[in-house]
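Here is the file entry.pdb (PDB, C-alpha atoms).
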```
ATOM      1  CA  GLN A  18      67.493-126.033-179.050  1.00  0.00           C
ATOM      2  CA  GLY A  19      67.316-128.742-176.466  1.00  0.00           C
ATOM      3  CA  TYR A  20      67.776-128.389-172.737  1.00  0.00           C
ATOM      4  CA  GLY A  21      71.353-129.674-172.883  1.00  0.00           C
ATOM      5  CA  THR A  22      72.376-127.030-175.404  1.00  0.00           C
ATOM      6  CA  LEU A  23      70.702-124.296-173.364  1.00  0.00           C
ATOM      7  CA  LEU A  24      72.486-125.491-170.212  1.00  0.00           C
ATOM      8  CA  MET A  25      75.852-125.503-171.971  1.00  0.00           C
ATOM      9  CA  GLU A  26      75.276-121.991-173.336  1.00  0.00           C
ATOM     10  CA  GLU A  27      74.465-120.767-169.833  1.00  0.00           C
ATOM     11  CA  ALA A  28      77.534-122.523-168.380  1.00  0.00           C
ATOM     12  CA  GLU A  29      79.679-120.839-171.039  1.00  0.00           C
ATOM     13  CA  ARG A  30      78.105-117.439-170.291  1.00  0.00           C
ATOM     14  CA  ILE A  31      78.723-117.817-166.550  1.00  0.00           C
ATOM     15  CA  ALA A  32      82.326-118.944-167.092  1.00  0.00           C
ATOM     16  CA  ARG A  33      83.005-116.014-169.434  1.00  0.00           C
ATOM     17  CA  ASP A  34      80.966-113.153-167.955  1.00  0.00           C
ATOM     18  CA  GLU A  35      81.006-113.908-164.238  1.00  0.00           C
ATOM     19  CA  HIS A  36      84.416-115.568-163.903  1.00  0.00           C
ATOM     20  CA  GLY A  37      86.411-114.050-166.776  1.00  0.00           C
ATOM     21  CA  SER A  38      87.276-117.429-168.290  1.00  0.00           C
ATOM     22  CA  GLU A  39      88.579-117.636-171.847  1.00  0.00           C
ATOM     23  CA  LYS A  40      88.406-121.428-172.104  1.00  0.00           C
ATOM     24  CA  LEU A  41      86.010-124.022-170.720  1.00  0.00           C
ATOM     25  CA  SER A  42      87.112-127.637-170.208  1.00  0.00           C
ATOM     26  CA  ILE A  43      84.748-130.391-169.161  1.00  0.00           C
ATOM     27  CA  ILE A  44      85.135-134.051-168.281  1.00  0.00           C
ATOM     28  CA  SER A  45      83.293-136.051-170.917  1.00  0.00           C
ATOM     29  CA  GLY A  46      82.492-139.715-171.308  1.00  0.00           C
ATOM     30  CA  VAL A  47      83.523-141.276-174.612  1.00  0.00           C
ATOM     31  CA  GLY A  48      79.889-141.722-175.656  1.00  0.00           C
ATOM     32  CA  VAL A  49      79.045-138.007-175.561  1.00  0.00           C
ATOM     33  CA  ARG A  50      82.167-136.529-177.139  1.00  0.00           C
ATOM     34  CA  SER A  51      80.432-136.156-180.502  1.00  0.00           C
ATOM     35  CA  TYR A  52      77.674-134.141-178.790  1.00  0.00           C
ATOM     36  CA  TYR A  53      80.206-131.706-177.324  1.00  0.00           C
ATOM     37  CA  ALA A  54      82.051-131.554-180.661  1.00  0.00           C
ATOM     38  CA  LYS A  55      78.820-130.305-182.270  1.00  0.00           C
ATOM     39  CA  LEU A  56      78.835-127.476-179.715  1.00  0.00           C
ATOM     40  CA  GLY A  57      82.356-126.436-180.727  1.00  0.00           C
ATOM     41  CA  TYR A  58      84.424-128.440-178.215  1.00  0.00           C
ATOM     42  CA  TRP A  59      87.548-130.407-179.134  1.00  0.00           C
ATOM     43  CA  LEU A  60      89.279-133.327-177.433  1.00  0.00           C
ATOM     44  CA  ASP A  61      91.915-131.852-175.134  1.00  0.00           C
ATOM     45  CA  GLY A  62      93.604-134.708-173.302  1.00  0.00           C
ATOM     46  CA  PRO A  63      91.009-136.177-170.926  1.00  0.00           C
ATOM     47  CA  TYR A  64      88.722-133.158-171.422  1.00  0.00           C
ATOM     48  CA  MET A  65      86.556-131.575-174.080  1.00  0.00           C
ATOM     49  CA  SER A  66      87.522-127.892-174.356  1.00  0.00           C
ATOM     50  CA  LYS A  67      86.233-124.762-176.038  1.00  0.00           C
ATOM     51  CA  TRP A  68      87.599-121.241-176.365  1.00  0.00           C
ATOM     52  CA  LEU A  69      84.933-118.826-175.216  1.00  0.00           C
ATOM     53  CA  LYS A  70      84.143-115.882-177.469  1.00  0.00           C
ATOM     54  CA  PRO A  71      84.401-112.496-175.795  1.00  0.00           C
ATOM     55  CA  LYS A  72      80.989-110.972-175.144  1.00  0.00           C
ATOM     56  CA  ASP A  73      81.624-108.266-177.760  1.00  0.00           C
ATOM     57  CA  ASP A  74      82.214-110.918-180.470  1.00  0.00           C
ATOM     58  CA  GLU A  75      78.848-112.572-179.823  1.00  0.00           C
ATOM     59  CA  GLU A  76      77.012-109.281-180.187  1.00  0.00           C
ATOM     60  CA  SER A  77      78.675-108.588-183.546  1.00  0.00           C
ATOM     61  CA  ASP A  78      78.019-111.988-185.178  1.00  0.00           C
ATOM     62  CA  ASP A  79      75.391-110.372-187.417  1.00  0.00           C
ATOM     63  CA  GLY A  80      78.040-108.212-189.075  1.00  0.00           C
ATOM     64  CA  PHE A  81      77.312-104.950-187.271  1.00  0.00           C
TER      65      PHE A  81
END
```
Please re-express this file's structure in structure tokens.
Amino acid sequence: QGYGTLLMEEAERIARDEHGSEKLSIISGVGVRSYYAKLGYWLDGPYMSKWLKPKDDEESDDGF
């Protein structure tokens, strides 16, 4: 993983765990929309948005 991906994962964690957010929306330039799309974001008006998985869902991704 690159630094950008790590930063986005931490931003998502903070939004979810420390602020109780269910969705994260960011302002994105046209040239980087494909980057955010690879991270699970979709075009949402002028923003790129992503629903944040609850913490419990992330821990159970391995099927347990």
inquiry  = Neighbouring residues of Ala54 in chain A were defined as those with any atom within 12 Å, considering only C-alpha atoms; residues of the same chain fewer than 2 positions away were excluded. Please report them as an MDAnalysis selection string.
reply    = chainID A and resid 22 43 45 47:52 56:61 64:67
query = Rounded to one decimal in Å, what is the spacing between CA of Glu26 in chain A and CA of Gly62 in chain A?
reply =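 That distance, rounded to one decimal, is 22.3 Å.
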Computed interatomic separation between CA of Ser42 in chain A and CA of Asp73 in chain A (Å) =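 Interatomic distance here is 21.5 Å.
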query = Could you write out as a list in words the residues that the PyMOL selection byres ((chain A and resi 36-40) around 8) matches in the shown file?
reply =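 Applying the expression gives Ile31, Ala32, Arg33, Asp34, Glu35, Leu41, Ser42, Ser66, Lys67, Trp68, Leu69, Lys70 and Pro71 of chain A.
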Requested write-out: C-alpha atoms of the selected residues, as a PDB file, keeping the file's coordinate frame:
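Full text of again.pdb as output:
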```
ATOM      1  CA  ILE A  31      78.723-117.817-166.550  1.00  0.00           C
ATOM      2  CA  ALA A  32      82.326-118.944-167.092  1.00  0.00           C
ATOM      3  CA  ARG A  33      83.005-116.014-169.434  1.00  0.00           C
ATOM      4  CA  ASP A  34      80.966-113.153-167.955  1.00  0.00           C
ATOM      5  CA  GLU A  35      81.006-113.908-164.238  1.00  0.00           C
ATOM      6  CA  LEU A  41      86.010-124.022-170.720  1.00  0.00           C
ATOM      7  CA  SER A  42      87.112-127.637-170.208  1.00  0.00           C
ATOM      8  CA  SER A  66      87.522-127.892-174.356  1.00  0.00           C
ATOM      9  CA  LYS A  67      86.233-124.762-176.038  1.00  0.00           C
ATOM     10  CA  TRP A  68      87.599-121.241-176.365  1.00  0.00           C
ATOM     11  CA  LEU A  69      84.933-118.826-175.216  1.00  0.00           C
ATOM     12  CA  LYS A  70      84.143-115.882-177.469  1.00  0.00           C
ATOM     13  CA  PRO A  71      84.401-112.496-175.795  1.00  0.00           C
TER      14      PRO A  71
END
```
Is it possible to get the axis-aligned box enclosing range 53-66 of chain A (all listed atoms, 3 Å extra per side) as lines of an AutoDock Vina configuration file, with centre and edge lengths in Å rounded to one decimal?
```
center_x = 86.2
center_y = -131.3
center_z = -176.6
size_x = 20.8
size_y = 15.7
size_z = 17.3
```
